[in-house]
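Here's run-v3.cif, which has mmCIF, C-alpha atoms:
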data_run
loop_
_atom_site.group_PDB
_atom_site.id
_atom_site.type_symbol
_atom_site.label_atom_id
_atom_site.label_comp_id
_atom_site.auth_asym_id
_atom_site.auth_seq_id
_atom_site.Cartn_x
_atom_site.Cartn_y
_atom_site.Cartn_z
ATOM 1 C CA MET A 9 40.672 -0.009 24.390
ATOM 2 C CA ALA A 10 44.202 0.113 23.027
ATOM 3 C CA LEU A 11 42.895 1.437 19.720
ATOM 4 C CA PHE A 12 40.824 4.083 21.509
ATOM 5 C CA ARG A 13 43.878 5.238 23.543
ATOM 6 C CA TRP A 14 45.928 5.412 20.323
ATOM 7 C CA LEU A 15 43.260 7.429 18.522
ATOM 8 C CA THR A 16 43.007 9.957 21.360
ATOM 9 C CA ALA A 17 46.712 10.128 22.257
ATOM 10 C CA THR A 18 47.414 13.348 20.344
ATOM 11 C CA ARG A 19 45.455 16.438 19.345
ATOM 12 C CA THR A 20 45.510 15.450 15.651
ATOM 13 C CA ARG A 21 44.299 11.977 16.398
ATOM 14 C CA LYS A 22 41.556 13.363 18.615
ATOM 15 C CA ILE A 23 40.382 15.595 15.771
ATOM 16 C CA LEU A 24 40.447 12.700 13.305
ATOM 17 C CA PHE A 25 38.574 10.520 15.772
ATOM 18 C CA GLY A 26 35.925 13.197 16.276
ATOM 19 C CA LEU A 27 35.472 13.652 12.536
ATOM 20 C CA ALA A 28 35.125 9.906 12.091
ATOM 21 C CA VAL A 29 32.418 9.785 14.753
ATOM 22 C CA VAL A 30 30.533 12.694 13.148
ATOM 23 C CA ALA A 31 30.762 11.041 9.716
ATOM 24 C CA ALA A 32 29.585 7.717 11.097
ATOM 25 C CA ILE A 33 26.332 9.065 12.541
ATOM 26 C CA PRO A 34 24.548 9.745 9.207
ATOM 27 C CA ALA A 35 26.007 6.538 7.768
ATOM 28 C CA ILE A 36 24.517 4.539 10.622
ATOM 29 C CA GLY A 37 21.184 6.353 10.194
ATOM 30 C CA PHE A 38 21.131 5.593 6.474
ATOM 31 C CA ALA A 39 21.976 1.946 7.091
ATOM 32 C CA TRP A 40 19.112 1.699 9.589
ATOM 33 C CA TRP A 41 16.670 3.366 7.156
ATOM 34 C CA LEU A 42 17.795 0.972 4.425
ATOM 35 C CA GLY A 43 17.897 -2.261 6.352
ATOM 36 C CA SER A 44 15.441 -2.023 9.244
ATOM 37 C CA PRO A 45 12.245 -2.421 7.132
ATOM 38 C CA LEU A 46 13.459 -5.887 6.124
ATOM 39 C CA PHE A 47 13.031 -6.985 9.741
ATOM 40 C CA ILE A 48 10.023 -4.861 10.750
ATOM 41 C CA ASN A 49 6.475 -5.426 9.514
ATOM 42 C CA LYS A 50 3.861 -2.662 9.576
ATOM 43 C CA THR A 51 0.209 -3.689 9.564
ATOM 44 C CA VAL A 52 -2.477 -1.209 8.484
ATOM 45 C CA ASP A 53 -6.092 -2.395 8.677
ATOM 46 C CA GLU A 54 -8.500 0.116 7.115
ATOM 47 C CA GLU A 55 -12.259 -0.280 6.794
ATOM 48 C CA PHE A 56 -13.966 -0.527 3.435
ATOM 49 C CA PRO A 57 -14.916 3.071 2.481
ATOM 50 C CA ARG A 58 -18.530 3.959 3.154
ATOM 51 C CA THR A 59 -20.611 5.735 0.600
ATOM 52 C CA VAL A 60 -21.424 9.359 1.299
ATOM 53 C CA GLY A 61 -24.707 9.657 3.140
ATOM 54 C CA ALA A 62 -24.760 6.118 4.517
ATOM 55 C CA VAL A 63 -26.951 5.853 7.590
ATOM 56 C CA ILE A 64 -26.630 3.201 10.289
ATOM 57 C CA PRO A 65 -30.012 2.271 11.771
ATOM 58 C CA ASP A 66 -30.528 2.790 15.497
ATOM 59 C CA SER A 67 -31.172 -0.937 15.881
ATOM 60 C CA MET A 68 -27.770 -1.872 14.423
ATOM 61 C CA SER A 69 -24.427 -1.487 16.159
ATOM 62 C CA ARG A 70 -21.440 -0.012 14.369
ATOM 63 C CA GLU A 71 -19.733 -3.425 14.436
ATOM 64 C CA GLU A 72 -22.759 -5.074 12.803
ATOM 65 C CA ALA A 73 -22.882 -2.385 10.100
ATOM 66 C CA GLU A 74 -19.181 -2.840 9.358
ATOM 67 C CA GLU A 75 -19.680 -6.605 9.083
ATOM 68 C CA VAL A 76 -22.488 -6.112 6.556
ATOM 69 C CA MET A 77 -20.350 -3.741 4.488
ATOM 70 C CA GLU A 78 -17.368 -6.084 4.525
ATOM 71 C CA GLU A 79 -19.464 -9.078 3.476
ATOM 72 C CA ALA A 80 -21.131 -7.086 0.720
ATOM 73 C CA ALA A 81 -17.752 -5.834 -0.532
ATOM 74 C CA GLY A 82 -16.894 -9.408 -1.477
ATOM 75 C CA SER A 83 -19.379 -9.310 -4.358
ATOM 76 C CA ASN A 84 -19.110 -7.220 -7.504
ATOM 77 C CA VAL A 85 -21.954 -4.952 -6.467
ATOM 78 C CA VAL A 86 -22.873 -3.972 -2.929
ATOM 79 C CA SER A 87 -26.651 -4.129 -3.335
ATOM 80 C CA SER A 88 -29.467 -2.859 -1.186
ATOM 81 C CA GLU A 89 -30.617 -6.456 -0.582
ATOM 82 C CA GLU A 90 -27.370 -7.071 1.305
ATOM 83 C CA MET A 91 -27.975 -4.111 3.574
ATOM 84 C CA THR A 92 -30.610 -3.379 6.179
ATOM 85 C CA PRO A 93 -33.249 -0.633 5.845
ATOM 86 C CA GLY A 94 -31.818 2.757 6.591
ATOM 87 C CA MET A 95 -28.333 2.048 5.237
ATOM 88 C CA ALA A 96 -27.084 3.457 1.957
ATOM 89 C CA GLU A 97 -28.209 2.259 -1.449
ATOM 90 C CA PRO A 98 -25.657 0.470 -3.712
ATOM 91 C CA SER A 99 -22.302 1.770 -2.571
ATOM 92 C CA ALA A 100 -19.499 0.186 -4.574
ATOM 93 C CA VAL A 101 -18.887 -1.572 -7.875
ATOM 94 C CA LYS A 102 -15.876 -3.820 -8.362
ATOM 95 C CA ILE A 103 -14.121 -2.827 -11.612
ATOM 96 C CA LYS A 104 -10.871 -4.805 -11.781
ATOM 97 C CA SER A 105 -9.072 -7.173 -9.477
ATOM 98 C CA GLY A 106 -5.893 -9.243 -9.275
ATOM 99 C CA SER A 107 -3.480 -10.963 -6.912
ATOM 100 C CA PHE A 108 -0.026 -9.813 -5.891
ATOM 101 C CA MET A 109 2.816 -12.113 -6.919
ATOM 102 C CA ASP A 110 6.398 -12.753 -5.802
ATOM 103 C CA GLU A 111 8.848 -10.679 -7.797
ATOM 104 C CA ASP A 112 11.851 -12.810 -6.850
ATOM 105 C CA ARG A 113 13.188 -14.781 -3.872
ATOM 106 C CA LEU A 114 13.787 -11.621 -1.858
ATOM 107 C CA HIS A 115 10.786 -9.534 -2.889
ATOM 108 C CA ARG A 116 7.590 -11.469 -2.189
ATOM 109 C CA GLY A 117 3.958 -10.450 -2.288
ATOM 110 C CA SER A 118 0.477 -11.893 -1.784
ATOM 111 C CA GLY A 119 -3.060 -10.634 -1.282
ATOM 112 C CA THR A 120 -5.450 -8.907 -3.673
ATOM 113 C CA ALA A 121 -5.728 -5.466 -5.248
ATOM 114 C CA THR A 122 -9.181 -4.347 -6.417
ATOM 115 C CA ILE A 123 -10.397 -1.160 -8.070
ATOM 116 C CA TYR A 124 -13.827 -0.026 -6.828
ATOM 117 C CA THR A 125 -16.119 2.810 -7.861
ATOM 118 C CA LEU A 126 -18.304 4.260 -5.111
ATOM 119 C CA ASP A 127 -21.779 5.514 -5.921
ATOM 120 C CA ASP A 128 -20.581 9.073 -5.304
ATOM 121 C CA GLY A 129 -18.232 8.664 -8.288
ATOM 122 C CA LYS A 130 -14.976 8.268 -6.375
ATOM 123 C CA ASN A 131 -12.583 5.488 -7.348
ATOM 124 C CA PHE A 132 -10.095 3.712 -5.141
ATOM 125 C CA VAL A 133 -7.812 0.689 -5.001
ATOM 126 C CA ARG A 134 -8.279 -1.605 -2.030
ATOM 127 C CA PHE A 135 -5.651 -4.081 -0.839
ATOM 128 C CA GLU A 136 -6.965 -7.062 1.112
ATOM 129 C CA ASP A 137 -4.829 -9.573 3.035
ATOM 130 C CA LEU A 138 -1.743 -7.803 1.722
ATOM 131 C CA SER A 139 1.596 -9.298 2.683
ATOM 132 C CA VAL A 140 4.651 -7.964 0.879
ATOM 133 C CA THR A 141 8.323 -7.811 1.749
ATOM 134 C CA ASN A 142 8.934 -4.553 3.562
ATOM 135 C CA GLY A 143 11.523 -2.070 2.377
ATOM 136 C CA PRO A 144 12.476 1.604 2.282
ATOM 137 C CA ASP A 145 10.617 4.239 0.278
ATOM 138 C CA LEU A 146 7.824 1.993 -1.021
ATOM 139 C CA PHE A 147 5.113 3.517 -3.219
ATOM 140 C CA VAL A 148 1.915 2.277 -4.888
ATOM 141 C CA LEU A 149 1.717 2.777 -8.657
ATOM 142 C CA LEU A 150 -1.357 2.195 -10.828
ATOM 143 C CA MET A 151 0.132 1.014 -14.119
ATOM 144 C CA GLU A 152 -1.089 1.180 -17.714
ATOM 145 C CA ASP A 153 1.171 -1.696 -18.798
ATOM 146 C CA PRO A 154 -0.931 -4.921 -18.515
ATOM 147 C CA GLU A 155 2.099 -6.708 -17.051
ATOM 148 C CA GLY A 156 2.660 -3.833 -14.629
ATOM 149 C CA ARG A 157 6.367 -3.404 -15.378
ATOM 150 C CA ASP A 158 6.867 -0.729 -18.021
ATOM 151 C CA LYS A 159 6.506 2.668 -16.356
ATOM 152 C CA SER A 160 7.095 4.428 -19.680
ATOM 153 C CA GLN A 161 3.598 3.365 -20.798
ATOM 154 C CA GLY A 162 2.161 5.570 -18.073
ATOM 155 C CA TYR A 163 1.227 5.257 -14.412
ATOM 156 C CA ILE A 164 -0.487 7.056 -11.527
ATOM 157 C CA ASP A 165 1.389 7.459 -8.246
ATOM 158 C CA LEU A 166 -1.131 6.664 -5.487
ATOM 159 C CA GLY A 167 1.276 7.576 -2.726
ATOM 160 C CA ARG A 168 3.467 5.884 -0.179
ATOM 161 C CA LEU A 169 2.613 2.326 0.850
ATOM 162 C CA LYS A 170 0.850 2.617 4.209
ATOM 163 C CA GLY A 171 2.022 -0.746 5.505
ATOM 164 C CA ASN A 172 3.395 -3.971 4.114
ATOM 165 C CA ARG A 173 0.558 -5.972 5.656
ATOM 166 C CA GLY A 174 -3.183 -5.628 6.091
ATOM 167 C CA ASN A 175 -6.194 -4.098 4.347
ATOM 168 C CA GLN A 176 -5.720 -0.640 2.845
ATOM 169 C CA ASN A 177 -7.422 1.918 0.590
ATOM 170 C CA TYR A 178 -5.758 4.202 -1.962
ATOM 171 C CA GLU A 179 -7.906 6.884 -3.602
ATOM 172 C CA ILE A 180 -7.551 7.282 -7.368
ATOM 173 C CA PRO A 181 -7.459 10.940 -8.507
ATOM 174 C CA GLU A 182 -10.455 12.314 -10.390
ATOM 175 C CA GLY A 183 -10.287 12.115 -14.171
ATOM 176 C CA VAL A 184 -8.225 8.915 -14.310
ATOM 177 C CA GLU A 185 -9.528 6.545 -16.993
ATOM 178 C CA LEU A 186 -9.824 3.218 -15.190
ATOM 179 C CA GLY A 187 -9.918 1.248 -18.437
ATOM 180 C CA ASP A 188 -6.386 2.393 -19.244
ATOM 181 C CA HIS A 189 -4.862 1.026 -16.042
ATOM 182 C CA ASN A 190 -4.227 -2.673 -15.775
ATOM 183 C CA ALA A 191 -1.915 -3.427 -12.856
ATOM 184 C CA VAL A 192 -0.726 -2.278 -9.459
ATOM 185 C CA MET A 193 2.965 -2.116 -8.606
ATOM 186 C CA ILE A 194 4.585 -1.824 -5.185
ATOM 187 C CA TYR A 195 7.820 -0.029 -5.970
ATOM 188 C CA CYS A 196 10.910 1.112 -4.092
ATOM 189 C CA ARG A 197 11.463 4.594 -5.454
ATOM 190 C CA ALA A 198 14.862 5.162 -3.824
ATOM 191 C CA PHE A 199 16.476 2.159 -5.531
ATOM 192 C CA ALA A 200 14.112 1.650 -8.514
ATOM 193 C CA VAL A 201 13.221 -1.894 -7.424
ATOM 194 C CA ILE A 202 9.909 -3.698 -7.967
ATOM 195 C CA PHE A 203 8.677 -5.476 -4.828
ATOM 196 C CA SER A 204 5.407 -6.975 -6.117
ATOM 197 C CA ILE A 205 2.892 -6.616 -8.958
ATOM 198 C CA ALA A 206 -0.807 -7.436 -9.214
ATOM 199 C CA GLU A 207 -2.116 -7.744 -12.766
ATOM 200 C CA LEU A 208 -5.741 -6.601 -12.876
ATOM 201 C CA SER A 209 -8.562 -8.135 -14.904
ATOM 202 C CA GLU A 210 -12.095 -6.872 -15.350
ATOM 203 C CA SER A 211 -14.768 -8.216 -13.036
ATOM 204 C CA ALA A 212 -18.087 -9.462 -14.317
ATOM 205 C CA VAL A 213 -20.866 -7.141 -13.095
#
Rewrite the coordinates I just gave you, this time as structure tokens.
Amino acid sequence: MALFRWLTATRTRKILFGLAVVAAIPAIGFAWWLGSPLFINKTVDEEFPRTVGAVIPDSMSREEAEEVMEEAAGSNVVSSEEMTPGMAEPSAVKIKSGSFMDEDRLHRGSGTATIYTLDDGKNFVRFEDLSVTNGPDLFVLLMEDPEGRDKSQGYIDLGRLKGNRGNQNYEIPEGVELGDHNAVMIYCRAFAVIFSIAELSESAV
């Protein structure tokens, strides 16, 4: 209180005090943006993408259909034998897959990253059981470097990380050569820091 009375005792001090308060507001906001993700987890749980034209039979509930799709997604090819009559034909092929790894003691990661091709020709990366240290300004990069570290070798920005936990899908733009991309990086763009990398290897079809 004594400090507050001293700061507001004269007109000049009042002005200086007001300026200090105004300057502190954005600084506090920046500090919160920078530090709060370290203590807050965001879980995003997305369904496995359905093929275009998939039909759910009248005899099957939506929950049952989702369970079939999720079980089938665990194999390299989602085949018609794994689906009931009336659902879509083969819907997804697993191309490459790998596990996220700890980058260091502060930046940790686990879970899998898998590239799939749907039967309509669309490609996407799916994260399953993702758990990575949260942070500000995190993005998902599809890397050409087999070790997933050298951005100069080329990469595709798949957008902002949706959440640091859960199951998530990231669509790969049309025309991207999947064979040229060998890793997934979770990257803090604001501070140029790697949070986790998953090196991808080809799946046997």
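Here CA of Val101 in chain A stands at a distance of 18.3 Å from CA of Glu54 in chain A.
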(request) Starting from the shown file, work through the PyMOL selection byres ((chain A and resi 201) around 12) and note down what comes out as a list in words. (result) Glu111, Asp112, Leu114, His115, Thr141, Gly143, Pro144, Asp145, Leu146, Phe147, Arg157, Met193, Ile194, Tyr195, Cys196, Arg197, Ala198, Phe199, Ala200, Ile202, Phe203, Ser204 and Ile205 of chain A
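If you look at CA of Ala206 in chain A and CA of Glu185 in chain A, they are 18.2 Å away from each other.
The space between CA of Pro181 in chain A and CA of Ser99 in chain A spans 18.4 Å.
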(request) Any chance you could resolve the PyMOL selection byres ((chain A and resi 122) around 12) against this file and give the residues as number ranges by chain? (result) A: 56, 81-84, 100-108, 119-121, 123-125, 131-138, 150, 175-180, 186, 189-192, 206-211
Evaluating the PyMOL selection byres ((chain A and resi 165) around 7) on the displayed file yields which residues, as a short mmCIF file (atom, residue, chain, number, x, y, z; two decimals) with C-alpha atoms, in the coordinates of the input?
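And here is the file that came out, result.cif:
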data_model
loop_
_atom_site.label_atom_id
_atom_site.label_comp_id
_atom_site.auth_asym_id
_atom_site.auth_seq_id
_atom_site.Cartn_x
_atom_site.Cartn_y
_atom_site.Cartn_z
CA VAL A 148 1.92 2.28 -4.89
CA LEU A 149 1.72 2.78 -8.66
CA LEU A 150 -1.36 2.19 -10.83
CA TYR A 163 1.23 5.26 -14.41
CA ILE A 164 -0.49 7.06 -11.53
CA LEU A 166 -1.13 6.66 -5.49
CA GLY A 167 1.28 7.58 -2.73
#
Please, what is the axis-aligned box for every listed atom of range 108-121 of chain A with 3 Å on each side, as centre and edge lengths in Å to one decimal, as AutoDock Vina command-line options?
--center_x 4.0 --center_y -10.1 --center_z -4.5 --size_x 25.5 --size_y 15.3 --size_z 12.5
(request) Check the smallest atom-to-atom distance from each of A:Glu152, A:Asp158, A:Asp110, A:Glu55 to Val184 in chain A using only C-alpha atoms, then report the winner. (result)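 Of all the options, A:Glu152 lies closest to Val184 in chain A.
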(request) Identify which of the residues A:Gly162, A:Pro57, A:Arg173, A:Gly156 lies closest to Leu126 in chain A, counting all atoms listed in the file when measuring atom-to-atom distances. (result)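 So, comparing all the options, the nearest one is A:Pro57.
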(request) Identify which of the residues A:Arg113, A:Lys159, A:Lys170, A:Lys130 lies closest to Thr51 in chain A, counting only C-alpha atoms when measuring atom-to-atom distances. (result)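 Nearest candidate to Thr51 in chain A out of A:Arg113, A:Lys159, A:Lys170, A:Lys130: A:Lys170.
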(message) Calculated over only C-alpha atoms, which of the candidates A:Gly187, A:Asp153, A:Gly117, A:Ser139 has the smallest distance to Asp53 in chain A?
(response)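 Smallest distance to Asp53 in chain A is found for A:Ser139.
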